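Dumped query33.cif below, it's mmCIF, C-alpha atoms:
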```
data_target
loop_
_atom_site.label_atom_id
_atom_site.label_comp_id
_atom_site.auth_asym_id
_atom_site.auth_seq_id
_atom_site.Cartn_x
_atom_site.Cartn_y
_atom_site.Cartn_z
CA MET L 1 0.00 0.00 0.00
CA ILE L 2 0.94 3.64 -0.44
CA ASP L 3 0.34 5.83 2.58
CA VAL L 4 0.03 9.58 2.04
CA LEU L 5 1.25 12.55 4.04
CA LEU L 6 0.04 16.03 3.20
CA GLY L 7 -0.54 19.47 4.67
CA LEU L 8 -4.07 20.56 5.56
CA GLN L 9 -3.61 24.33 5.64
CA TRP L 10 -1.77 26.81 3.39
CA GLY L 11 1.55 24.99 3.62
CA ASP L 12 4.35 25.30 6.20
CA GLU L 13 2.62 22.82 8.52
CA GLY L 14 5.85 21.01 9.44
CA LYS L 15 5.61 18.16 6.91
CA GLY L 16 9.37 17.70 6.63
CA LYS L 17 9.86 16.78 10.27
CA ILE L 18 6.93 14.37 10.23
CA VAL L 19 8.08 12.59 7.06
CA ASP L 20 11.54 12.37 8.57
CA TYR L 21 10.03 10.70 11.65
CA LEU L 22 7.71 8.34 9.77
CA ALA L 23 10.35 7.39 7.17
CA ALA L 24 11.84 4.84 9.55
CA GLY L 25 8.81 2.64 8.84
CA TYR L 26 8.90 2.94 5.03
CA ASP L 27 11.09 1.65 2.23
CA ILE L 28 10.39 4.45 -0.26
CA ILE L 29 9.46 8.13 0.08
CA ALA L 30 7.94 9.67 -3.07
CA ARG L 31 7.17 13.31 -3.87
CA PHE L 32 4.03 13.50 -6.02
CA GLN L 33 3.48 17.20 -6.81
CA GLY L 34 4.81 20.73 -6.48
CA GLY L 35 8.18 22.20 -7.24
CA PRO L 36 11.07 23.99 -5.55
CA ASN L 37 8.65 26.38 -3.85
CA ALA L 38 8.33 23.64 -1.23
CA GLY L 39 10.53 24.09 1.82
CA HIS L 40 10.62 21.07 4.14
CA THR L 41 12.82 21.88 7.13
CA LEU L 42 14.73 19.13 8.95
CA TYR L 43 17.32 19.22 11.73
CA VAL L 44 19.99 16.61 11.05
CA GLN L 45 23.12 16.11 13.16
CA GLY L 46 22.60 19.59 14.56
CA ASN L 47 22.31 21.09 11.07
CA LYS L 48 19.23 22.82 9.70
CA VAL L 49 18.49 21.43 6.23
CA VAL L 50 15.73 22.72 3.93
CA LEU L 51 14.63 20.31 1.19
CA HIS L 52 12.96 21.83 -1.87
CA THR L 53 12.66 18.91 -4.30
CA ILE L 54 14.25 15.81 -2.79
CA PRO L 55 11.92 13.71 -0.60
CA SER L 56 12.37 14.00 3.15
CA GLY L 57 13.38 10.35 3.53
CA VAL L 58 16.84 11.11 2.18
CA PHE L 59 18.38 11.13 5.67
CA HIS L 60 17.34 7.55 6.35
CA PRO L 61 19.99 5.25 4.82
CA HIS L 62 17.48 2.46 4.14
CA CYS L 63 15.04 4.70 2.21
CA LEU L 64 14.84 5.05 -1.55
CA ASN L 65 13.59 8.45 -2.70
CA LEU L 66 11.51 9.16 -5.80
CA ILE L 67 10.69 12.47 -7.47
CA GLY L 68 7.46 11.63 -9.27
CA ASN L 69 5.96 12.77 -12.55
CA GLY L 70 3.67 15.29 -10.82
CA VAL L 71 6.65 17.35 -9.68
CA VAL L 72 8.20 20.18 -11.72
CA ILE L 73 11.99 20.23 -11.41
CA ASP L 74 14.44 23.11 -11.60
CA PRO L 75 17.73 21.34 -12.44
CA VAL L 76 19.79 24.12 -10.81
CA THR L 77 17.89 23.94 -7.54
CA LEU L 78 18.04 20.14 -7.52
CA HIS L 79 21.80 20.11 -8.15
CA ARG L 80 22.44 22.61 -5.35
CA GLU L 81 20.29 20.56 -3.03
CA ILE L 82 22.24 17.40 -3.81
CA GLU L 83 25.52 19.23 -3.15
CA ALA L 84 24.22 20.40 0.23
CA ILE L 85 23.06 16.90 1.22
CA GLN L 86 26.10 14.88 0.09
CA PRO L 87 28.35 15.83 3.05
CA LEU L 88 25.64 14.47 5.37
CA GLN L 89 24.50 11.58 3.15
CA PRO L 90 27.31 10.58 0.74
CA ASP L 91 25.13 7.89 -0.89
CA VAL L 92 22.27 10.26 -1.76
CA LEU L 93 22.65 9.66 -5.52
CA ASP L 94 22.43 5.89 -5.07
CA ARG L 95 19.01 6.27 -3.43
CA LEU L 96 17.50 9.04 -5.57
CA PHE L 97 15.26 8.30 -8.56
CA LEU L 98 13.56 10.68 -11.02
CA SER L 99 10.53 10.03 -13.18
CA HIS L 100 11.04 10.42 -16.94
CA ARG L 101 7.71 12.23 -16.98
CA ALA L 102 8.46 15.01 -14.46
CA HIS L 103 8.47 18.41 -16.16
CA LEU L 104 11.42 20.81 -16.22
CA ILE L 105 11.56 24.47 -15.23
CA ILE L 106 13.74 26.39 -17.69
CA PRO L 107 15.17 29.91 -17.24
CA THR L 108 12.44 31.67 -19.22
CA HIS L 109 9.80 30.06 -17.00
CA ARG L 110 11.23 32.12 -14.15
CA ALA L 111 11.14 35.27 -16.27
CA LEU L 112 7.49 34.65 -17.19
CA ASP L 113 6.64 34.08 -13.54
CA ALA L 114 8.21 37.39 -12.51
CA ALA L 115 6.68 39.35 -15.39
CA SER L 116 3.21 37.92 -14.81
CA GLU L 117 3.30 38.60 -11.08
CA ALA L 118 4.54 42.18 -11.58
CA ALA L 119 1.75 42.84 -14.09
CA LYS L 120 -0.91 41.87 -11.53
CA GLY L 121 -0.07 44.86 -9.32
CA LYS L 122 -2.26 44.78 -6.20
CA GLU L 123 -3.80 41.49 -7.36
CA LYS L 124 -0.55 39.55 -6.89
CA ILE L 125 -1.08 35.96 -5.78
CA GLY L 126 2.18 35.72 -3.84
CA SER L 127 4.14 33.58 -6.31
CA THR L 128 7.62 32.48 -5.19
CA LEU L 129 8.82 33.52 -8.70
CA LYS L 130 10.54 30.20 -9.29
CA GLY L 131 8.84 29.47 -12.61
CA ILE L 132 6.55 26.80 -11.22
CA GLY L 133 3.23 28.20 -12.45
CA PRO L 134 4.48 28.75 -16.03
CA ALA L 135 6.01 25.25 -16.06
CA TYR L 136 2.65 23.72 -15.12
CA MET L 137 0.98 25.92 -17.75
CA ASP L 138 3.28 24.48 -20.40
CA LYS L 139 2.54 21.00 -19.09
CA THR L 140 -1.22 21.41 -19.53
CA GLY L 141 -0.66 23.38 -22.75
CA ARG L 142 1.29 20.40 -24.10
CA ASN L 143 4.43 22.43 -24.73
CA GLY L 144 6.54 21.38 -21.76
CA LEU L 145 9.94 19.74 -21.52
CA ARG L 146 10.24 16.61 -19.41
CA VAL L 147 13.17 15.01 -17.63
CA GLY L 148 13.23 12.24 -20.24
CA ASP L 149 13.80 14.87 -22.95
CA ILE L 150 17.30 15.63 -21.66
CA LEU L 151 18.30 12.12 -22.82
CA SER L 152 17.08 12.87 -26.36
CA PRO L 153 19.60 13.86 -29.08
CA ASN L 154 17.35 16.78 -30.07
CA PHE L 155 16.93 18.19 -26.55
CA LEU L 156 18.53 21.52 -27.52
CA GLU L 157 16.12 21.89 -30.42
CA LYS L 158 13.16 21.28 -28.09
CA TYR L 159 14.58 23.70 -25.53
CA ASN L 160 15.05 26.48 -28.09
CA ALA L 161 11.52 26.03 -29.44
CA LEU L 162 10.05 26.43 -25.94
CA LYS L 163 12.34 29.37 -25.19
CA ALA L 164 11.23 31.12 -28.40
CA LYS L 165 7.60 30.75 -27.35
CA HIS L 166 8.42 32.25 -23.96
CA LEU L 167 10.34 35.18 -25.45
CA ASP L 168 7.35 36.02 -27.62
CA LEU L 169 5.13 36.04 -24.52
CA LEU L 170 7.63 38.16 -22.59
CA SER L 171 7.63 40.78 -25.35
CA HIS L 172 4.03 41.62 -24.46
CA TYR L 173 4.89 42.66 -20.88
CA GLU L 174 5.78 46.27 -20.12
CA SER L 175 8.59 45.47 -17.70
CA PRO L 176 11.38 43.33 -19.21
CA VAL L 177 12.74 40.56 -16.99
CA SER L 178 16.29 39.27 -17.21
CA TRP L 179 16.69 35.53 -17.74
CA GLU L 180 19.97 35.17 -19.67
CA GLU L 181 22.11 34.82 -16.55
CA PHE L 182 20.24 31.65 -15.60
CA GLU L 183 20.89 29.81 -18.87
CA ALA L 184 24.52 28.71 -18.36
CA PRO L 185 23.87 27.31 -14.85
CA PHE L 186 20.77 25.57 -16.25
CA PHE L 187 22.72 23.65 -18.88
CA ASP L 188 25.46 22.80 -16.38
CA ALA L 189 22.80 21.38 -14.06
CA VAL L 190 21.18 19.45 -16.93
CA GLU L 191 24.51 17.69 -17.49
CA LYS L 192 24.48 16.65 -13.83
CA LEU L 193 20.83 15.59 -14.15
CA ARG L 194 21.72 13.18 -16.95
CA GLN L 195 23.90 11.25 -14.49
CA LEU L 196 21.02 10.54 -12.10
CA LYS L 197 18.73 7.50 -12.02
CA ILE L 198 16.00 8.51 -14.50
CA ILE L 199 13.35 5.79 -14.61
CA ASN L 200 9.88 4.77 -15.80
CA ALA L 201 8.61 5.54 -12.32
CA GLU L 202 5.07 4.23 -12.68
CA TYR L 203 6.38 0.75 -13.58
CA TRP L 204 9.05 0.98 -10.88
CA ILE L 205 6.49 1.80 -8.18
CA ASP L 206 4.23 -0.99 -9.38
CA GLU L 207 7.09 -3.45 -9.03
CA GLN L 208 7.93 -2.14 -5.57
CA LEU L 209 4.31 -2.52 -4.44
CA LYS L 210 4.10 -6.06 -5.78
CA SER L 211 7.27 -6.96 -3.89
CA GLY L 212 5.71 -5.75 -0.64
CA LYS L 213 7.60 -2.49 -0.21
CA LYS L 214 6.05 0.21 1.97
CA ILE L 215 5.74 3.58 0.26
CA LEU L 216 4.96 7.01 1.71
CA ALA L 217 3.80 9.67 -0.73
CA GLU L 218 4.95 13.12 0.40
CA GLY L 219 2.94 16.19 -0.52
CA ALA L 220 4.15 19.77 -0.78
CA GLN L 221 2.38 23.09 -0.05
CA GLY L 222 -1.02 22.58 1.61
CA SER L 223 -4.56 21.43 0.86
CA MET L 224 -5.95 24.97 0.88
CA LEU L 225 -3.60 25.78 -2.02
CA ASP L 226 -5.01 23.00 -4.22
CA ILE L 227 -5.63 24.23 -7.78
CA ASP L 228 -9.22 22.90 -7.75
CA PHE L 229 -10.33 23.11 -4.12
CA GLY L 230 -8.12 25.80 -2.59
CA THR L 231 -8.71 29.53 -2.18
CA TYR L 232 -8.66 30.13 -5.93
CA PRO L 233 -7.02 32.08 -7.56
CA PHE L 234 -4.60 32.38 -4.62
CA VAL L 235 -3.47 28.76 -5.01
CA THR L 236 -0.57 26.73 -6.35
CA SER L 237 -0.56 25.07 -9.78
CA SER L 238 -1.01 21.42 -8.78
CA ASN L 239 -3.32 19.12 -6.84
CA THR L 240 -2.10 19.11 -3.25
CA ILE L 241 -4.81 16.81 -1.88
CA ALA L 242 -4.65 13.01 -1.67
CA GLY L 243 -6.19 12.64 -5.14
CA GLY L 244 -3.00 14.10 -6.57
CA VAL L 245 -1.09 10.98 -5.52
CA CYS L 246 -2.68 8.86 -8.24
CA SER L 247 -1.91 11.26 -11.10
CA GLY L 248 1.38 12.44 -9.57
CA LEU L 249 2.90 8.97 -9.21
CA GLY L 250 0.92 6.83 -11.62
CA VAL L 251 -0.81 4.58 -9.09
CA ALA L 252 -4.38 3.35 -8.73
CA PRO L 253 -6.70 4.71 -5.99
CA SER L 254 -6.96 1.18 -4.60
CA ALA L 255 -3.24 1.35 -3.71
CA VAL L 256 -3.75 4.20 -1.21
CA GLY L 257 -3.86 3.25 2.48
CA GLU L 258 -3.48 5.62 5.43
CA VAL L 259 -3.71 9.37 4.83
CA TYR L 260 -1.78 11.46 7.34
CA GLY L 261 -2.94 15.08 7.48
CA ILE L 262 -0.79 17.73 9.16
CA SER L 263 -2.06 20.92 10.76
CA LYS L 264 -0.44 23.49 13.00
CA ALA L 265 -2.15 24.33 16.27
CA TYR L 266 -2.74 27.72 14.66
CA CYS L 267 -2.81 28.98 11.05
CA THR L 268 -0.26 30.68 8.84
CA ARG L 269 -0.17 31.88 5.27
CA VAL L 270 2.54 33.40 3.07
CA GLY L 271 1.69 35.95 0.39
CA GLY L 272 -1.73 37.14 -0.72
CA GLY L 273 -5.10 35.47 -0.52
CA PRO L 274 -8.00 35.07 1.91
CA PHE L 275 -7.30 34.07 5.51
CA PRO L 276 -10.50 34.11 7.61
CA THR L 277 -8.83 33.80 11.04
CA GLU L 278 -5.87 36.11 10.38
CA LEU L 279 -4.82 38.25 13.36
CA GLU L 280 -3.49 41.62 12.26
CA ASP L 281 -2.77 42.71 15.81
CA GLU L 282 -0.42 42.10 18.74
CA THR L 283 -1.62 38.51 19.10
CA GLY L 284 -0.75 37.82 15.45
CA ASP L 285 2.69 39.38 15.97
CA ALA L 286 3.19 37.27 19.10
CA LEU L 287 2.27 34.09 17.20
CA ARG L 288 4.75 34.97 14.45
CA LYS L 289 7.52 35.58 16.96
CA ALA L 290 6.78 32.50 19.09
CA GLY L 291 6.54 30.23 16.05
CA ALA L 292 9.48 31.79 14.14
CA GLU L 293 7.10 32.14 11.23
CA PHE L 294 9.29 33.08 8.30
CA GLY L 295 9.26 31.10 5.03
CA ALA L 296 11.84 28.31 4.70
CA THR L 297 12.07 28.96 0.96
CA THR L 298 11.35 32.71 0.66
CA GLY L 299 12.21 34.09 4.11
CA ARG L 300 8.99 36.10 3.96
CA PRO L 301 7.14 36.72 7.25
CA ARG L 302 4.05 34.56 7.46
CA ARG L 303 0.60 35.89 8.27
CA CYS L 304 -0.68 34.28 11.47
CA GLY L 305 -4.04 33.53 13.04
CA TRP L 306 -6.06 31.11 15.14
CA ILE L 307 -6.64 27.56 13.96
CA ASP L 308 -9.56 27.36 11.52
CA LEU L 309 -11.56 24.17 12.08
CA VAL L 310 -14.01 25.01 9.28
CA ALA L 311 -11.21 25.00 6.70
CA LEU L 312 -9.53 22.06 8.43
CA ARG L 313 -12.67 19.90 8.31
CA TYR L 314 -12.99 20.74 4.60
CA ALA L 315 -9.39 19.62 3.95
CA VAL L 316 -9.84 16.44 6.00
CA MET L 317 -12.95 15.60 3.96
CA LEU L 318 -11.28 16.21 0.58
CA SER L 319 -8.42 13.81 1.28
CA GLY L 320 -10.12 11.25 3.50
CA VAL L 321 -7.61 11.87 6.28
CA THR L 322 -7.35 8.88 8.60
CA ARG L 323 -4.70 10.22 10.99
CA LEU L 324 -4.29 13.83 12.07
CA ILE L 325 -0.95 15.23 13.23
CA LEU L 326 -0.91 18.49 15.18
CA THR L 327 2.34 20.44 14.94
CA LYS L 328 3.81 23.42 16.80
CA ALA L 329 1.48 22.85 19.72
CA ASP L 330 4.18 24.20 22.05
CA VAL L 331 3.90 27.61 20.35
CA MET L 332 0.51 28.00 22.07
CA ASP L 333 2.05 27.63 25.55
CA ASN L 334 2.05 31.37 26.22
CA PHE L 335 -1.42 32.18 24.91
CA ASP L 336 -4.49 32.54 27.12
CA PRO L 337 -7.13 32.06 25.89
CA VAL L 338 -6.49 29.75 22.94
CA LYS L 339 -9.14 30.13 20.24
CA LEU L 340 -10.48 27.82 17.53
CA ALA L 341 -12.78 28.94 14.70
CA THR L 342 -15.78 26.59 14.60
CA ALA L 343 -18.09 28.38 12.15
CA TYR L 344 -18.29 31.33 9.76
CA ARG L 345 -20.85 34.12 9.77
CA ILE L 346 -21.44 35.20 6.16
CA ASP L 347 -24.17 37.74 5.35
CA GLY L 348 -25.73 37.09 8.72
CA GLN L 349 -25.87 33.32 8.20
CA ILE L 350 -23.88 30.79 10.25
CA THR L 351 -22.22 28.00 8.31
CA ARG L 352 -19.68 25.25 8.94
CA GLU L 353 -19.07 24.78 5.21
CA PHE L 354 -16.07 26.34 3.50
CA PRO L 355 -17.54 28.69 0.86
CA TYR L 356 -16.86 28.52 -2.88
CA ASP L 357 -15.97 32.22 -3.12
CA VAL L 358 -13.94 32.82 -0.03
CA CYS L 359 -12.04 35.67 -1.67
CA ASP L 360 -14.95 38.12 -1.88
CA ALA L 361 -17.06 36.85 1.01
CA ALA L 362 -17.11 38.94 4.20
CA ILE L 363 -16.36 36.17 6.69
CA GLU L 364 -16.60 36.61 10.45
CA PRO L 365 -15.26 33.55 12.30
CA GLU L 366 -17.15 32.23 15.30
CA TYR L 367 -14.70 31.07 17.99
CA HIS L 368 -14.59 28.51 20.77
CA GLU L 369 -12.14 29.33 23.57
CA PHE L 370 -9.94 27.25 25.84
CA PRO L 371 -7.92 28.65 28.75
CA GLY L 372 -4.14 28.49 28.43
CA TRP L 373 -2.29 25.35 29.47
CA SER L 374 -1.23 24.99 33.08
CA LYS L 375 2.34 24.18 32.06
CA PRO L 376 4.52 24.29 28.92
CA ILE L 377 4.05 21.20 26.78
CA GLY L 378 7.45 21.52 25.11
CA SER L 379 9.03 19.67 28.02
CA CYS L 380 6.51 16.79 28.00
CA LYS L 381 7.95 13.40 27.06
CA SER L 382 4.68 11.43 26.88
CA TYR L 383 0.93 11.83 26.57
CA GLU L 384 0.54 11.26 30.33
CA GLU L 385 2.58 14.40 31.06
CA LEU L 386 0.37 16.70 28.98
CA PRO L 387 -1.77 19.20 30.92
CA GLU L 388 -5.45 18.34 31.14
CA VAL L 389 -6.58 21.50 29.35
CA PHE L 390 -4.43 20.60 26.36
CA THR L 391 -5.87 17.07 26.15
CA GLN L 392 -9.37 18.55 26.32
CA TYR L 393 -8.38 20.91 23.49
CA CYS L 394 -7.23 17.89 21.43
CA ASN L 395 -10.44 16.01 22.20
CA PHE L 396 -12.47 18.99 21.01
CA ILE L 397 -10.57 19.06 17.69
CA GLU L 398 -11.03 15.31 17.22
CA SER L 399 -14.75 15.56 17.90
CA TYR L 400 -15.21 18.48 15.49
CA LEU L 401 -13.21 16.84 12.69
CA GLN L 402 -14.37 13.28 13.44
CA THR L 403 -10.73 12.30 12.95
CA LYS L 404 -8.22 10.92 15.42
CA ILE L 405 -5.09 12.88 16.37
CA ALA L 406 -2.25 10.37 16.05
CA PHE L 407 0.69 12.60 17.03
CA VAL L 408 1.37 15.98 18.56
CA SER L 409 4.63 17.77 17.76
CA ASN L 410 5.77 19.80 20.78
CA GLY L 411 9.09 21.18 19.57
CA THR L 412 11.55 21.38 16.68
CA GLY L 413 13.62 18.36 17.74
CA ARG L 414 13.32 15.09 15.82
CA ASP L 415 12.34 13.36 19.07
CA GLN L 416 9.72 15.94 20.08
CA LEU L 417 6.69 14.05 18.78
CA LEU L 418 4.16 12.61 21.20
CA GLN L 419 2.03 9.62 20.24
CA MET L 420 -1.59 10.09 21.28
CA PRO L 421 -3.72 7.23 22.70
#
```
What's the structure tokens form of this structure?
Amino acid sequence: MIDVLLGLQWGDEGKGKIVDYLAAGYDIIARFQGGPNAGHTLYVQGNKVVLHTIPSGVFHPHCLNLIGNGVVIDPVTLHREIEAIQPLQPDVLDRLFLSHRAHLIIPTHRALDAASEAAKGKEKIGSTLKGIGPAYMDKTGRNGLRVGDILSPNFLEKYNALKAKHLDLLSHYESPVSWEEFEAPFFDAVEKLRQLKIINAEYWIDEQLKSGKKILAEGAQGSMLDIDFGTYPFVTSSNTIAGGVCSGLGVAPSAVGEVYGISKAYCTRVGGGPFPTELEDETGDALRKAGAEFGATTGRPRRCGWIDLVALRYAVMLSGVTRLILTKADVMDNFDPVKLATAYRIDGQITREFPYDVCDAAIEPEYHEFPGWSKPIGSCKSYEELPEVFTQYCNFIESYLQTKIAFVSNGTGRDQLLQMP
């Protein structure tokens, strides 16, 4: 079976640490969507490591790691990532596999991303400007370059044809964007890419499943950024929910087993877009400071707010989450009261459904409050040590979501993860 791990909010839920923890029980970790806008932070041998493309199982010597067809790959970013990992994991290349069908980000994709975002003015969606959106547009427009193309004798011809199309598009923007400086590093990285294990990943995974291997599919971004079900148009360009596993790895729905969904004990968001429980006050600033809420990939300060159970229940429903994991619970240690949004008031009506048009709706969250914990939970080593108020808080979340909390993360350390009864 393939188990799935994904974020349930707007990304940055702490997926990297959880995959790193769970990887001990799996043979293969596979990324199924997204691009180098992902930033999965791990702490390894006292070193902070941020993974952008490579699956988070790379620091477990027994794990094979697959970058699936649903991912878009920037060869330069991937090469730099490999170089950063090799001193800690010298055998990383022996355990890393790439799907032939994964699409490539080329230098002019980045230029298109920057030009498009600049042209939006106040309507910017908060793109990371890494070329991911334009790469997915070329994929669906049937113009894209794939990893398998770099093995073709006419790769340069294909590259130049796509670049010419991009340059024509760029000529229609008022503000020119430089891309030439990225081209030489791109081709250097492509040479390195050719040396990696490029495979027919869908057949490879099928063989692994038939031989009894345990696979964990690792998602990037968060469910509320899903291209179909997120806060459109302030979303990413891929399917971030569990359904994306089938198309992003080439597996049947019947192969999917457990679905782990990760949520912070509060909410954050980077960039533009609706955020019903956002706190634009001292409490929001305190959350940002306590949680060190700055993007692992962009460094941008994250918007912060109370946990939104309406949006969370929606995300749990979309992916059929079987096990919930609550992260950064220790960040709430110094807050009293602790609030949870349990309904929205829209045009005078109370609803527990996440609305279709959340961007233009005037949403007033309805909150349930808990008093602060009686002691910090960061020092707790087991469920039995947790303060009673915190366990009541967890029980309330489970009851609302009708989903069991399997783990609570109470710190940044790899060992700071409490198993719940």
#### Entry: Which of L:Ile325, L:Ile28, L:Ile105, L:Ala292 sits closest to Thr412 in chain L [using all atoms listed in the file]
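Between L:Ile325, L:Ile28, L:Ile105, L:Ala292, the residue approaching Thr412 in chain L most closely is L:Ala292.
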### Task
Name the residues captured by the PyMOL selection byres ((chain L and resi 193) around 9) when it is applied to the shown file; answer as an NGL selection string.
:L and (75 or 78-79 or 147 or 150 or 188-192 or 194-198)
Same residues, C-alpha atoms, saved as a PDB file, keeping the file's coordinate frame:
```
ATOM      1  CA  PRO L  75      17.730  21.340 -12.440  1.00  0.00           C
ATOM      2  CA  LEU L  78      18.040  20.140  -7.520  1.00  0.00           C
ATOM      3  CA  HIS L  79      21.800  20.110  -8.150  1.00  0.00           C
ATOM      4  CA  VAL L 147      13.170  15.010 -17.630  1.00  0.00           C
ATOM      5  CA  ILE L 150      17.300  15.630 -21.660  1.00  0.00           C
ATOM      6  CA  ASP L 188      25.460  22.800 -16.380  1.00  0.00           C
ATOM      7  CA  ALA L 189      22.800  21.380 -14.060  1.00  0.00           C
ATOM      8  CA  VAL L 190      21.180  19.450 -16.930  1.00  0.00           C
ATOM      9  CA  GLU L 191      24.510  17.690 -17.490  1.00  0.00           C
ATOM     10  CA  LYS L 192      24.480  16.650 -13.830  1.00  0.00           C
ATOM     11  CA  ARG L 194      21.720  13.180 -16.950  1.00  0.00           C
ATOM     12  CA  GLN L 195      23.900  11.250 -14.490  1.00  0.00           C
ATOM     13  CA  LEU L 196      21.020  10.540 -12.100  1.00  0.00           C
ATOM     14  CA  LYS L 197      18.730   7.500 -12.020  1.00  0.00           C
ATOM     15  CA  ILE L 198      16.000   8.510 -14.500  1.00  0.00           C
TER      16      ILE L 198
END
```
### Task
Pull out every residue that the PyMOL selection byres ((chain L and resi 312-315) around 12) matches in the shown coordinates and put them as JSON, numbers by chain.
{"L": [6, 7, 8, 9, 10, 222, 223, 224, 225, 226, 229, 230, 231, 240, 241, 242, 243, 259, 260, 261, 262, 263, 264, 265, 266, 267, 306, 307, 308, 309, 310, 311, 316, 317, 318, 319, 320, 321, 322, 324, 325, 326, 340, 341, 342, 343, 352, 353, 354, 355, 356, 397, 398, 399, 400, 401, 402, 403]}
Write the residues of the preceding selection, restricted to C-alpha atoms, as a CSV table (one decimal), keeping the file's coordinate frame.
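Full text of part16.csv as output:
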```
chain,number,residue,atom,x,y,z
L,6,LEU,CA,0.0,16.0,3.2
L,7,GLY,CA,-0.5,19.5,4.7
L,8,LEU,CA,-4.1,20.6,5.6
L,9,GLN,CA,-3.6,24.3,5.6
L,10,TRP,CA,-1.8,26.8,3.4
L,222,GLY,CA,-1.0,22.6,1.6
L,223,SER,CA,-4.6,21.4,0.9
L,224,MET,CA,-6.0,25.0,0.9
L,225,LEU,CA,-3.6,25.8,-2.0
L,226,ASP,CA,-5.0,23.0,-4.2
L,229,PHE,CA,-10.3,23.1,-4.1
L,230,GLY,CA,-8.1,25.8,-2.6
L,231,THR,CA,-8.7,29.5,-2.2
L,240,THR,CA,-2.1,19.1,-3.2
L,241,ILE,CA,-4.8,16.8,-1.9
L,242,ALA,CA,-4.6,13.0,-1.7
L,243,GLY,CA,-6.2,12.6,-5.1
L,259,VAL,CA,-3.7,9.4,4.8
L,260,TYR,CA,-1.8,11.5,7.3
L,261,GLY,CA,-2.9,15.1,7.5
L,262,ILE,CA,-0.8,17.7,9.2
L,263,SER,CA,-2.1,20.9,10.8
L,264,LYS,CA,-0.4,23.5,13.0
L,265,ALA,CA,-2.2,24.3,16.3
L,266,TYR,CA,-2.7,27.7,14.7
L,267,CYS,CA,-2.8,29.0,11.0
L,306,TRP,CA,-6.1,31.1,15.1
L,307,ILE,CA,-6.6,27.6,14.0
L,308,ASP,CA,-9.6,27.4,11.5
L,309,LEU,CA,-11.6,24.2,12.1
L,310,VAL,CA,-14.0,25.0,9.3
L,311,ALA,CA,-11.2,25.0,6.7
L,316,VAL,CA,-9.8,16.4,6.0
L,317,MET,CA,-13.0,15.6,4.0
L,318,LEU,CA,-11.3,16.2,0.6
L,319,SER,CA,-8.4,13.8,1.3
L,320,GLY,CA,-10.1,11.2,3.5
L,321,VAL,CA,-7.6,11.9,6.3
L,322,THR,CA,-7.4,8.9,8.6
L,324,LEU,CA,-4.3,13.8,12.1
L,325,ILE,CA,-1.0,15.2,13.2
L,326,LEU,CA,-0.9,18.5,15.2
L,340,LEU,CA,-10.5,27.8,17.5
L,341,ALA,CA,-12.8,28.9,14.7
L,342,THR,CA,-15.8,26.6,14.6
L,343,ALA,CA,-18.1,28.4,12.2
L,352,ARG,CA,-19.7,25.2,8.9
L,353,GLU,CA,-19.1,24.8,5.2
L,354,PHE,CA,-16.1,26.3,3.5
L,355,PRO,CA,-17.5,28.7,0.9
L,356,TYR,CA,-16.9,28.5,-2.9
L,397,ILE,CA,-10.6,19.1,17.7
L,398,GLU,CA,-11.0,15.3,17.2
L,399,SER,CA,-14.8,15.6,17.9
L,400,TYR,CA,-15.2,18.5,15.5
L,401,LEU,CA,-13.2,16.8,12.7
L,402,GLN,CA,-14.4,13.3,13.4
L,403,THR,CA,-10.7,12.3,13.0
```
## Note on the structure
In terms of only C-alpha atoms, the residue from L:Glu282, L:His166, L:Tyr232, L:Ala252 at minimal distance from Val358 in chain L is L:Tyr232
### Task
Find the residue from L:Ser178, L:Thr77, L:Thr236, L:Thr327 that sits nearest to Cys394 in chain L; use all atoms listed in the file when measuring.
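Smallest separation from Cys394 in chain L among the options: L:Thr327.
Residues surrounding Ala119 in chain L within 9 Å are Tyr173, Glu174 and Ser175 of chain L [all atoms listed in the file; sequence separation below 6 positions excluded].
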Export of prior selection with C-alpha atoms as a PDB file, in the frame of the given file:
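Result file follows (selection_25.pdb):
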```
ATOM      1  CA  TYR L 173       4.890  42.660 -20.880  1.00  0.00           C
ATOM      2  CA  GLU L 174       5.780  46.270 -20.120  1.00  0.00           C
ATOM      3  CA  SER L 175       8.590  45.470 -17.700  1.00  0.00           C
TER       4      SER L 175
END
```
### Summary
Using all atoms listed in the file, the shortest atom-to-atom distance to Leu66 in chain L among L:Leu88, L:Tyr159, L:Leu386, L:Ile205 belongs to L:Ile205
Exactly which residues make up the result of the PyMOL selection byres ((chain L and resi 133) around 8) on this file, given as a PDB file with C-alpha atoms, keeping the file's coordinate frame?
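File written: part_14.pdb
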```
ATOM      1  CA  ASP L 113       6.640  34.080 -13.540  1.00  0.00           C
ATOM      2  CA  GLY L 131       8.840  29.470 -12.610  1.00  0.00           C
ATOM      3  CA  ILE L 132       6.550  26.800 -11.220  1.00  0.00           C
ATOM      4  CA  PRO L 134       4.480  28.750 -16.030  1.00  0.00           C
ATOM      5  CA  ALA L 135       6.010  25.250 -16.060  1.00  0.00           C
ATOM      6  CA  TYR L 136       2.650  23.720 -15.120  1.00  0.00           C
ATOM      7  CA  MET L 137       0.980  25.920 -17.750  1.00  0.00           C
ATOM      8  CA  THR L 236      -0.570  26.730  -6.350  1.00  0.00           C
ATOM      9  CA  SER L 237      -0.560  25.070  -9.780  1.00  0.00           C
TER      10      SER L 237
END
```
